[in-house]
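File shown here: my_file23.cif, holding mmCIF, C-alpha atoms and all ligand atoms.
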data_my_file
#
loop_
_atom_site.group_PDB
_atom_site.id
_atom_site.type_symbol
_atom_site.label_atom_id
_atom_site.label_comp_id
_atom_site.auth_asym_id
_atom_site.auth_seq_id
_atom_site.Cartn_x
_atom_site.Cartn_y
_atom_site.Cartn_z
ATOM 1 C CA MET A 1 -132.164 130.394 -87.597
ATOM 2 C CA ARG A 2 -133.482 129.471 -91.010
ATOM 3 C CA LEU A 3 -137.038 130.611 -91.581
ATOM 4 C CA VAL A 4 -138.793 129.659 -94.804
ATOM 5 C CA VAL A 5 -141.852 131.592 -95.962
ATOM 6 C CA TYR A 6 -143.531 129.442 -98.591
ATOM 7 C CA ASN A 7 -146.779 128.800 -100.390
ATOM 8 C CA GLN A 8 -147.337 127.263 -103.818
ATOM 9 C CA LYS A 9 -150.010 129.911 -104.319
ATOM 10 C CA GLY A 10 -148.932 133.312 -105.596
ATOM 11 C CA GLY A 11 -150.023 136.699 -104.285
ATOM 12 C CA VAL A 12 -150.750 135.510 -100.737
ATOM 13 C CA GLY A 13 -148.366 137.803 -98.836
ATOM 14 C CA LYS A 14 -145.123 135.764 -98.853
ATOM 15 C CA THR A 15 -142.886 138.698 -99.711
ATOM 16 C CA SER A 16 -144.685 141.146 -97.401
ATOM 17 C CA VAL A 17 -144.433 138.795 -94.428
ATOM 18 C CA SER A 18 -140.794 137.890 -95.219
ATOM 19 C CA LEU A 19 -139.877 141.533 -95.590
ATOM 20 C CA ASN A 20 -141.318 142.675 -92.272
ATOM 21 C CA LEU A 21 -139.722 139.752 -90.440
ATOM 22 C CA ALA A 22 -136.359 140.525 -92.069
ATOM 23 C CA LEU A 23 -136.616 144.237 -91.235
ATOM 24 C CA THR A 24 -137.729 143.496 -87.655
ATOM 25 C CA LEU A 25 -135.212 140.765 -86.847
ATOM 26 C CA GLY A 26 -132.317 141.776 -89.132
ATOM 27 C CA LEU A 27 -132.538 138.567 -91.151
ATOM 28 C CA GLU A 28 -130.709 137.966 -94.407
ATOM 29 C CA PHE A 29 -133.201 137.810 -97.278
ATOM 30 C CA VAL A 30 -132.938 135.074 -99.900
ATOM 31 C CA THR A 31 -135.473 134.642 -102.690
ATOM 32 C CA THR A 32 -136.018 132.853 -105.982
ATOM 33 C CA ASP A 33 -138.380 135.626 -107.068
ATOM 34 C CA LEU A 34 -136.303 137.478 -109.629
ATOM 35 C CA LEU A 35 -139.101 139.971 -110.263
ATOM 36 C CA SER A 36 -139.539 141.212 -106.702
ATOM 37 C CA HIS A 37 -138.199 144.646 -105.793
ATOM 38 C CA VAL A 38 -137.221 143.815 -102.249
ATOM 39 C CA GLU A 39 -133.738 145.211 -102.836
ATOM 40 C CA ILE A 40 -135.302 148.677 -102.525
ATOM 41 C CA ALA A 41 -135.755 147.976 -98.812
ATOM 42 C CA LEU A 42 -132.794 145.748 -97.881
ATOM 43 C CA PRO A 43 -129.922 143.715 -99.346
ATOM 44 C CA VAL A 44 -131.239 140.616 -101.125
ATOM 45 C CA THR A 45 -129.736 137.421 -102.508
ATOM 46 C CA LYS A 46 -131.706 136.468 -105.624
ATOM 47 C CA ILE A 47 -131.163 132.913 -106.832
ATOM 48 C CA ASP A 48 -131.439 132.181 -110.548
ATOM 49 C CA PRO A 49 -133.628 129.324 -111.767
ATOM 50 C CA GLN A 50 -131.690 126.048 -112.115
ATOM 51 C CA VAL A 51 -129.178 127.128 -109.468
ATOM 52 C CA PRO A 52 -129.514 125.234 -106.150
ATOM 53 C CA ILE A 53 -130.641 127.303 -103.181
ATOM 54 C CA GLU A 54 -127.775 127.522 -100.707
ATOM 55 C CA ILE A 55 -128.604 126.385 -97.194
ATOM 56 C CA LEU A 56 -126.929 128.913 -94.941
ATOM 57 C CA PRO A 57 -125.332 127.655 -91.698
ATOM 58 C CA ASP A 58 -127.219 127.646 -88.371
ATOM 59 C CA SER A 59 -125.197 130.653 -87.249
ATOM 60 C CA LYS A 60 -126.866 132.844 -89.905
ATOM 61 C CA ASP A 61 -130.334 134.254 -89.389
ATOM 62 C CA VAL A 62 -132.097 134.104 -92.708
ATOM 63 C CA VAL A 63 -135.538 134.251 -94.248
ATOM 64 C CA TYR A 64 -136.144 132.429 -97.533
ATOM 65 C CA ASP A 65 -139.045 133.943 -99.504
ATOM 66 C CA LEU A 66 -139.975 131.017 -101.754
ATOM 67 C CA GLY A 67 -142.879 130.276 -104.081
ATOM 68 C CA GLY A 68 -143.892 127.957 -106.903
ATOM 69 C CA ALA A 69 -143.883 124.186 -107.188
ATOM 70 C CA LEU A 70 -142.436 122.125 -104.356
ATOM 71 C CA ASP A 71 -139.593 120.795 -106.508
ATOM 72 C CA ASP A 72 -136.102 119.443 -105.879
ATOM 73 C CA ARG A 73 -134.766 122.971 -105.312
ATOM 74 C CA ILE A 74 -137.291 123.774 -102.603
ATOM 75 C CA LYS A 75 -137.302 120.409 -100.759
ATOM 76 C CA PRO A 76 -133.810 120.619 -99.172
ATOM 77 C CA VAL A 77 -134.526 124.146 -97.936
ATOM 78 C CA LEU A 78 -137.789 123.007 -96.342
ATOM 79 C CA GLU A 79 -135.962 120.119 -94.706
ATOM 80 C CA ALA A 80 -133.282 122.436 -93.282
ATOM 81 C CA ALA A 81 -135.750 125.062 -92.031
ATOM 82 C CA HIS A 82 -136.297 125.705 -88.320
ATOM 83 C CA PHE A 83 -139.740 127.049 -89.213
ATOM 84 C CA ILE A 84 -141.917 127.147 -92.306
ATOM 85 C CA LEU A 85 -144.357 130.024 -92.250
ATOM 86 C CA ILE A 86 -147.151 129.564 -94.760
ATOM 87 C CA PRO A 87 -149.078 132.743 -95.516
ATOM 88 C CA THR A 88 -152.496 132.749 -97.151
ATOM 89 C CA SER A 89 -155.320 135.164 -97.681
ATOM 90 C CA ALA A 90 -158.670 134.255 -96.098
ATOM 91 C CA ASP A 91 -160.167 133.652 -99.554
ATOM 92 C CA PRO A 92 -161.595 130.089 -99.598
ATOM 93 C CA LEU A 93 -159.779 129.284 -102.855
ATOM 94 C CA ASP A 94 -156.444 130.380 -101.372
ATOM 95 C CA VAL A 95 -157.215 128.439 -98.183
ATOM 96 C CA ASP A 96 -157.872 125.346 -100.306
ATOM 97 C CA ILE A 97 -154.535 125.610 -102.168
ATOM 98 C CA THR A 98 -152.798 126.385 -98.872
ATOM 99 C CA LEU A 99 -154.179 123.179 -97.361
ATOM 100 C CA SER A 100 -152.656 121.191 -100.225
ATOM 101 C CA THR A 101 -149.383 123.118 -99.784
ATOM 102 C CA ILE A 102 -149.425 122.120 -96.094
ATOM 103 C CA LYS A 103 -150.023 118.453 -96.988
ATOM 104 C CA SER A 104 -146.946 118.538 -99.262
ATOM 105 C CA VAL A 105 -144.749 120.582 -96.924
ATOM 106 C CA GLU A 106 -145.426 118.414 -93.856
ATOM 107 C CA GLN A 107 -143.864 115.425 -95.616
ATOM 108 C CA HIS A 108 -140.562 117.319 -95.358
ATOM 109 C CA ASN A 109 -140.907 119.324 -92.154
ATOM 110 C CA LYS A 110 -143.718 119.665 -89.614
ATOM 111 C CA ASN A 111 -142.519 122.904 -87.995
ATOM 112 C CA ILE A 112 -145.300 124.738 -89.780
ATOM 113 C CA LEU A 113 -146.958 128.029 -88.855
ATOM 114 C CA ILE A 114 -149.914 129.433 -90.781
ATOM 115 C CA ALA A 115 -150.397 133.199 -91.228
ATOM 116 C CA ILE A 116 -153.758 134.376 -92.495
ATOM 117 C CA VAL A 117 -152.952 137.785 -93.936
ATOM 118 C CA ASN A 118 -154.638 140.854 -95.338
ATOM 119 C CA THR A 119 -157.739 140.107 -93.260
ATOM 120 C CA GLU A 120 -160.722 142.301 -92.437
ATOM 121 C CA LYS A 121 -163.574 141.860 -89.944
ATOM 122 C CA ASP A 122 -164.234 138.179 -89.147
ATOM 123 C CA GLU A 123 -162.303 136.774 -92.132
ATOM 124 C CA TYR A 124 -159.541 135.484 -89.870
ATOM 125 C CA GLU A 125 -161.893 133.518 -87.602
ATOM 126 C CA THR A 126 -163.636 131.863 -90.557
ATOM 127 C CA ALA A 127 -160.373 130.814 -92.236
ATOM 128 C CA ARG A 128 -158.814 129.744 -88.916
ATOM 129 C CA ALA A 129 -161.791 127.457 -88.231
ATOM 130 C CA THR A 130 -161.301 125.785 -91.635
ATOM 131 C CA PHE A 131 -157.619 125.127 -90.910
ATOM 132 C CA ALA A 132 -158.393 123.937 -87.366
ATOM 133 C CA LYS A 133 -160.736 121.252 -88.736
ATOM 134 C CA LEU A 134 -158.033 119.824 -90.999
ATOM 135 C CA CYS A 135 -154.715 120.431 -89.266
ATOM 136 C CA ALA A 136 -153.345 121.466 -85.882
ATOM 137 C CA TYR A 137 -150.633 123.965 -86.774
ATOM 138 C CA PRO A 138 -150.480 127.291 -84.928
ATOM 139 C CA THR A 139 -152.360 129.971 -86.821
ATOM 140 C CA PHE A 140 -151.735 133.729 -86.727
ATOM 141 C CA GLU A 141 -153.460 136.791 -88.137
ATOM 142 C CA ILE A 142 -151.920 139.692 -90.021
ATOM 143 C CA SER A 143 -154.686 142.235 -90.631
ATOM 144 C CA ARG A 144 -155.057 144.401 -93.701
ATOM 145 C CA SER A 145 -152.942 147.520 -93.361
ATOM 146 C CA LYS A 146 -151.676 150.275 -95.605
ATOM 147 C CA ALA A 147 -148.399 150.083 -93.686
ATOM 148 C CA VAL A 148 -147.859 146.530 -94.993
ATOM 149 C CA ARG A 149 -148.299 147.758 -98.587
ATOM 150 C CA GLU A 150 -145.798 150.540 -97.867
ATOM 151 C CA LEU A 151 -143.106 148.284 -96.353
ATOM 152 C CA LEU A 152 -141.046 148.156 -99.535
ATOM 153 C CA ASN A 153 -140.877 151.873 -100.174
ATOM 154 C CA ARG A 154 -140.307 152.826 -96.540
ATOM 155 C CA GLY A 155 -137.737 150.100 -95.847
ATOM 156 C CA LYS A 156 -138.664 150.175 -92.151
ATOM 157 C CA SER A 157 -140.244 147.474 -90.019
ATOM 158 C CA LEU A 158 -143.855 147.956 -88.928
ATOM 159 C CA ARG A 159 -142.630 148.446 -85.347
ATOM 160 C CA GLU A 160 -140.348 151.308 -86.441
ATOM 161 C CA ARG A 161 -143.133 152.771 -88.560
ATOM 162 C CA ALA A 162 -145.538 152.668 -85.593
ATOM 163 C CA GLY A 163 -143.182 155.031 -83.768
ATOM 164 C CA GLU A 164 -143.437 157.572 -86.580
ATOM 165 C CA VAL A 165 -147.191 157.872 -87.141
ATOM 166 C CA THR A 166 -149.884 159.313 -84.882
ATOM 167 C CA GLY A 167 -153.596 158.904 -84.123
ATOM 168 C CA ALA A 168 -155.724 156.206 -85.746
ATOM 169 C CA ALA A 169 -152.917 155.314 -88.186
ATOM 170 C CA ARG A 170 -150.652 154.539 -85.238
ATOM 171 C CA GLN A 171 -153.216 152.203 -83.704
ATOM 172 C CA ASN A 172 -153.525 150.371 -86.996
ATOM 173 C CA VAL A 173 -149.757 149.963 -87.475
ATOM 174 C CA GLU A 174 -149.251 148.961 -83.843
ATOM 175 C CA ARG A 175 -151.935 146.304 -84.172
ATOM 176 C CA VAL A 176 -150.206 144.696 -87.145
ATOM 177 C CA ALA A 177 -146.756 145.073 -85.517
ATOM 178 C CA ASP A 178 -148.186 143.290 -82.418
ATOM 179 C CA GLN A 179 -149.521 140.501 -84.652
ATOM 180 C CA PHE A 180 -146.018 140.006 -86.084
ATOM 181 C CA ASP A 181 -144.655 139.992 -82.519
ATOM 182 C CA ASP A 182 -146.987 137.079 -81.739
ATOM 183 C CA ILE A 183 -145.381 135.091 -84.568
ATOM 184 C CA ILE A 184 -141.874 136.094 -83.443
ATOM 185 C CA SER A 185 -142.563 135.209 -79.777
ATOM 186 C CA HIS A 186 -143.907 131.827 -80.815
ATOM 187 C CA MET A 187 -140.755 131.108 -82.844
ATOM 188 C CA GLN A 188 -138.433 132.333 -80.104
ATOM 189 C CA GLY A 189 -140.226 130.156 -77.535
ATOM 190 C CA LYS A 190 -139.955 127.083 -79.736
ATOM 191 C CA PHE A 191 -136.425 127.822 -80.802
ATOM 192 C CA SER A 192 -135.054 128.222 -77.281
ATOM 193 C CA GLN A 193 -136.954 125.055 -76.315
ATOM 194 C CA GLN A 194 -135.126 123.196 -79.080
ATOM 195 C CA PHE A 195 -131.861 124.395 -77.606
ATOM 196 C CA LYS A 196 -132.944 123.438 -74.081
ATOM 197 C CA ASN A 197 -133.809 119.938 -75.339
ATOM 198 C CA LEU A 198 -130.478 119.749 -77.109
ATOM 199 C CA LEU A 199 -128.582 120.759 -73.939
ATOM 200 C CA SER A 200 -130.471 118.311 -71.716
ATOM 201 C CA ASN A 201 -129.765 115.508 -74.208
ATOM 202 C CA ILE A 202 -126.066 116.318 -73.992
ATOM 203 C CA HIS A 203 -126.132 116.493 -70.138
ATOM 204 C CA ASN A 204 -128.079 113.228 -69.853
ATOM 205 C CA ARG A 205 -125.582 111.227 -71.889
HETATM 206 N N1 LIG A 301 -151.555 142.646 -94.400
HETATM 207 C C1 LIG A 301 -151.674 143.237 -95.598
HETATM 208 N N2 LIG A 301 -152.315 144.418 -95.720
HETATM 209 C C2 LIG A 301 -152.451 145.025 -96.915
HETATM 210 N N3 LIG A 301 -151.973 144.528 -98.065
HETATM 211 C C3 LIG A 301 -151.311 143.355 -98.019
HETATM 212 C C4 LIG A 301 -151.119 142.639 -96.792
HETATM 213 N N4 LIG A 301 -150.419 141.514 -97.056
HETATM 214 C C5 LIG A 301 -150.184 141.519 -98.391
HETATM 215 N N5 LIG A 301 -150.715 142.624 -98.972
HETATM 216 C C6 LIG A 301 -150.679 142.982 -100.394
HETATM 217 O O1 LIG A 301 -151.044 141.826 -101.152
HETATM 218 C C7 LIG A 301 -150.300 141.779 -102.360
HETATM 219 C C8 LIG A 301 -149.576 140.433 -102.459
HETATM 220 O O2 LIG A 301 -148.620 140.375 -101.417
HETATM 221 P P1 LIG A 301 -147.147 139.808 -101.670
HETATM 222 O O3 LIG A 301 -146.516 140.418 -102.867
HETATM 223 O O4 LIG A 301 -146.442 139.916 -100.372
HETATM 224 O O5 LIG A 301 -147.525 138.289 -102.005
HETATM 225 P P2 LIG A 301 -146.576 137.132 -102.601
HETATM 226 O O6 LIG A 301 -147.145 135.858 -102.087
HETATM 227 O O7 LIG A 301 -145.155 137.423 -102.300
HETATM 228 O O8 LIG A 301 -146.831 137.277 -104.168
HETATM 229 P P3 LIG A 301 -145.988 136.589 -105.359
HETATM 230 O O9 LIG A 301 -146.501 135.190 -105.448
HETATM 231 O O10 LIG A 301 -146.355 137.419 -106.546
HETATM 232 O O11 LIG A 301 -144.526 136.653 -105.008
HETATM 233 C C9 LIG A 301 -149.340 142.968 -102.341
HETATM 234 O O12 LIG A 301 -149.924 144.022 -103.073
HETATM 235 C C10 LIG A 301 -149.270 143.336 -100.855
HETATM 236 O O13 LIG A 301 -149.002 144.721 -100.650
HETATM 237 MG MG MG A 302 -143.484 137.546 -103.573
#

Just give me the structure of the file as structure tokens.
Ligand SMILES: Nc1ncnc2c1ncn2[C@@H]1O[C@H](COP(=O)(O)OP(=O)(O)OP(=O)(O)O)[C@@H](O)[C@H]1O
Ligand SMILES: [Mg+2]
Amino acid sequence: MRLVVYNQKGGVGKTSVSLNLALTLGLEFVTTDLLSHVEIALPVTKIDPQVPIEILPDSKDVVYDLGGALDDRIKPVLEAAHFILIPTSADPLDVDITLSTIKSVEQHNKNILIAIVNTEKDEYETARATFAKLCAYPTFEISRSKAVRELLNRGKSLRERAGEVTGAARQNVERVADQFDDIISHMQGKFSQQFKNLLSNIHNR
């Protein structure tokens, strides 16, 4: 499965979301972000500017943590993706840029999921309502959590981390781990459906 985490906007949680998904699902991690320190937590393939981004075969499970302009390097990866997860903060300016990212991305691939991250209180509901007015892609919440900020240094998925902490901290980490599980379940449901469709096409020939 090729999962692309992408937004033209910087600082919206792309690396954090990619990292927890990779640690949870054992995905290979590929990025064009030469400045990230993800290699502290897991093995990373960093792709130099100007070098094409290799599209790994279907048999590999990979997350591509990609940012910047939707250029000729990014387009083929979007087209080959099983899912494109677009993270954003709930900040109206970020939501605005994310909407234009979605408009560009959907010309290449409509298997889009939106993750509104780093949210507090009713921020998720407000941002979700804005997206719902303008597009119909599934939308997920990843709440604000210290455990997300600590992902890199701990090198453990949020689910693993939840098993280590106690009390109120545990509740907080479990909540965010559950939110990631919602995203994962959605993808697994869709992905197996794609395979079911594929099989029935073959049988019906
Ligand atoms: N759910 C969350 N809870 C707390 N902090 C978060 C959460 N999600 C992201 N952050 C913090 O927000 C900041 C930006 O996140 P991140 O680096 O993942 O974004 P990015 O889109 O990859 O940025 P860049 O464009 O620089 O690559 C980081 O400091 C990260 O720890
Ligand atoms: Mg990043």

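Residues of protein, DNA or RNA having any atom at most 8 Å from ligand MG 302 (chain A), counting only C-alpha atoms and all ligand atoms, are Gly10, Gly11, Gly13, Lys14, Thr15, Ser16, Asp33, Ser36, Asp65, Leu66 and Gly67 of chain A.
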
Within 9 Å of ligand LIG 301 (chain A), which residues of chain A come that close, and what is the closest atom pair and distance in Å for each? Count all atoms listed in the file and give it as a tab-separated table.
residue	atom	partner	partner_atom	distance
A:Tyr6	CA	A:LIG301	O6	8.2
A:Asn7	CA	A:LIG301	O6	7.3
A:Gln8	CA	A:LIG301	O9	8.1
A:Lys9	CA	A:LIG301	O9	6.4
A:Gly10	CA	A:LIG301	O9	3.1
A:Gly11	CA	A:LIG301	O8	3.2
A:Val12	CA	A:LIG301	O6	3.9
A:Gly13	CA	A:LIG301	O4	3.2
A:Lys14	CA	A:LIG301	O6	3.8
A:Thr15	CA	A:LIG301	O7	3.7
A:Ser16	CA	A:LIG301	O4	3.7
A:Val17	CA	A:LIG301	O4	6.4
A:Ser18	CA	A:LIG301	O4	7.9
A:Leu19	CA	A:LIG301	O4	8.3
A:Asp33	CA	A:LIG301	O11	6.6
A:Leu35	CA	A:LIG301	O11	8.2
A:Ser36	CA	A:LIG301	O11	7.0
A:Asp65	CA	A:LIG301	O7	7.6
A:Leu66	CA	A:LIG301	O11	7.9
A:Gly67	CA	A:LIG301	O9	6.3
A:Gly68	CA	A:LIG301	O9	7.8
A:Pro87	CA	A:LIG301	O6	7.5
A:Thr88	CA	A:LIG301	O6	7.9
A:Ser89	CA	A:LIG301	N4	8.0
A:Ile116	CA	A:LIG301	N1	8.8
A:Val117	CA	A:LIG301	N1	5.1
A:Asn118	CA	A:LIG301	N1	3.7
A:Thr119	CA	A:LIG301	N1	6.8
A:Glu141	CA	A:LIG301	N1	8.8
A:Ile142	CA	A:LIG301	N1	5.3
A:Ser143	CA	A:LIG301	N1	4.9
A:Arg144	CA	A:LIG301	N2	3.4
A:Ser145	CA	A:LIG301	N2	3.9
A:Lys146	CA	A:LIG301	C2	5.5
A:Ala147	CA	A:LIG301	N2	7.2
A:Val148	CA	A:LIG301	N2	5.0
A:Arg149	CA	A:LIG301	O13	3.7
A:Glu150	CA	A:LIG301	O13	7.2
A:Leu151	CA	A:LIG301	O13	8.1
A:Leu152	CA	A:LIG301	O13	8.7
A:Val176	CA	A:LIG301	N1	7.7

Neighbour residues at most 12 Å from (-142.1, 115.5, -94.8) (only C-alpha atoms) as a PDB file with C-alpha atoms, in the frame of the given file:
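Saved to point02.pdb:
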ATOM      1  CA  LEU A  70    -142.436 122.125-104.356  1.00  0.00           C
ATOM      2  CA  LYS A  75    -137.302 120.409-100.759  1.00  0.00           C
ATOM      3  CA  PRO A  76    -133.810 120.619 -99.172  1.00  0.00           C
ATOM      4  CA  VAL A  77    -134.526 124.146 -97.936  1.00  0.00           C
ATOM      5  CA  LEU A  78    -137.789 123.007 -96.342  1.00  0.00           C
ATOM      6  CA  GLU A  79    -135.962 120.119 -94.706  1.00  0.00           C
ATOM      7  CA  ALA A  80    -133.282 122.436 -93.282  1.00  0.00           C
ATOM      8  CA  ALA A  81    -135.750 125.062 -92.031  1.00  0.00           C
ATOM      9  CA  ILE A  84    -141.917 127.147 -92.306  1.00  0.00           C
ATOM     10  CA  THR A 101    -149.383 123.118 -99.784  1.00  0.00           C
ATOM     11  CA  ILE A 102    -149.425 122.120 -96.094  1.00  0.00           C
ATOM     12  CA  LYS A 103    -150.023 118.453 -96.988  1.00  0.00           C
ATOM     13  CA  SER A 104    -146.946 118.538 -99.262  1.00  0.00           C
ATOM     14  CA  VAL A 105    -144.749 120.582 -96.924  1.00  0.00           C
ATOM     15  CA  GLU A 106    -145.426 118.414 -93.856  1.00  0.00           C
ATOM     16  CA  GLN A 107    -143.864 115.425 -95.616  1.00  0.00           C
ATOM     17  CA  HIS A 108    -140.562 117.319 -95.358  1.00  0.00           C
ATOM     18  CA  ASN A 109    -140.907 119.324 -92.154  1.00  0.00           C
ATOM     19  CA  LYS A 110    -143.718 119.665 -89.614  1.00  0.00           C
ATOM     20  CA  ASN A 111    -142.519 122.904 -87.995  1.00  0.00           C
ATOM     21  CA  ILE A 112    -145.300 124.738 -89.780  1.00  0.00           C
TER      22      ILE A 112
END

Could you list, with a cut-off of 6 Å and counting all atoms listed in the file, the residues of stretch 56-161 of chain A near stretch 1-5 of chain A, each shown with its nearest atom pair and the distance in Å rounded to one decimal, rows sorted by chain and ascending number, as CSV?
residue,atom,partner,partner_atom,distance
A:Asp58,CA,A:Met1,CA,5.7
A:Asp61,CA,A:Met1,CA,4.6
A:Val62,CA,A:Arg2,CA,5.1
A:Val63,CA,A:Leu3,CA,4.8
A:Tyr64,CA,A:Val4,CA,4.7
A:Asp65,CA,A:Val5,CA,5.1
A:Ala81,CA,A:Arg2,CA,5.1
A:His82,CA,A:Arg2,CA,5.4
A:Phe83,CA,A:Leu3,CA,5.1
A:Ile84,CA,A:Val4,CA,4.7
A:Leu85,CA,A:Val5,CA,4.7
A:Ile86,CA,A:Val5,CA,5.8

Name the residues, using the chain letters and numbers of the file, that sit within 9 Å of (-144.6, 150.8, -84.8) when counting all atoms listed in the file, and give them as a PDB file with C-alpha atoms, in the frame of the given file.
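Resulting contents of selection-v8.pdb:
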ATOM      1  CA  SER A 157    -140.244 147.474 -90.019  1.00  0.00           C
ATOM      2  CA  LEU A 158    -143.855 147.956 -88.928  1.00  0.00           C
ATOM      3  CA  ARG A 159    -142.630 148.446 -85.347  1.00  0.00           C
ATOM      4  CA  GLU A 160    -140.348 151.308 -86.441  1.00  0.00           C
ATOM      5  CA  ARG A 161    -143.133 152.771 -88.560  1.00  0.00           C
ATOM      6  CA  ALA A 162    -145.538 152.668 -85.593  1.00  0.00           C
ATOM      7  CA  GLY A 163    -143.182 155.031 -83.768  1.00  0.00           C
ATOM      8  CA  GLU A 164    -143.437 157.572 -86.580  1.00  0.00           C
ATOM      9  CA  VAL A 165    -147.191 157.872 -87.141  1.00  0.00           C
ATOM     10  CA  ARG A 170    -150.652 154.539 -85.238  1.00  0.00           C
ATOM     11  CA  GLN A 171    -153.216 152.203 -83.704  1.00  0.00           C
ATOM     12  CA  VAL A 173    -149.757 149.963 -87.475  1.00  0.00           C
ATOM     13  CA  GLU A 174    -149.251 148.961 -83.843  1.00  0.00           C
ATOM     14  CA  ARG A 175    -151.935 146.304 -84.172  1.00  0.00           C
ATOM     15  CA  VAL A 176    -150.206 144.696 -87.145  1.00  0.00           C
ATOM     16  CA  ALA A 177    -146.756 145.073 -85.517  1.00  0.00           C
ATOM     17  CA  ASP A 178    -148.186 143.290 -82.418  1.00  0.00           C
TER      18      ASP A 178
END

Identify which of the residues A:Phe180, A:Pro49, A:Phe191, A:Asn172 lies closest to A:Ala22, counting only C-alpha atoms when measuring atom-to-atom distances.
A:Phe180

So, with only C-alpha atoms as the atoms that count, which of A:Ala90, A:Ile184, A:Pro57, A:Asp96 lies closest to A:Glu125?
A:Ala90

Can you turn the PyMOL selection byres (((chain A and resi 53) around 9) and not hetatm) into a concrete residue list for this file, as JSON, numbers by chain?
{"A": [30, 31, 32, 47, 48, 51, 52, 54, 55, 73, 74, 76, 77]}

Which centre and which edge lengths, in Å to one decimal, describe the axis-aligned box that holds all listed atoms of stretch 82-91 of chain A after 5 Å is added on each side, as AutoDock Vina command-line options?
--center_x -148.2 --center_y 130.4 --center_z -93.9 --size_x 33.9 --size_y 19.5 --size_z 21.2

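One finds atom CA of A:Tyr137 at 25.5 Å from atom CA of A:Glu28.
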
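Put simply, atom CA of A:Asp72 is 25.0 Å away from atom CA of A:Cys135.
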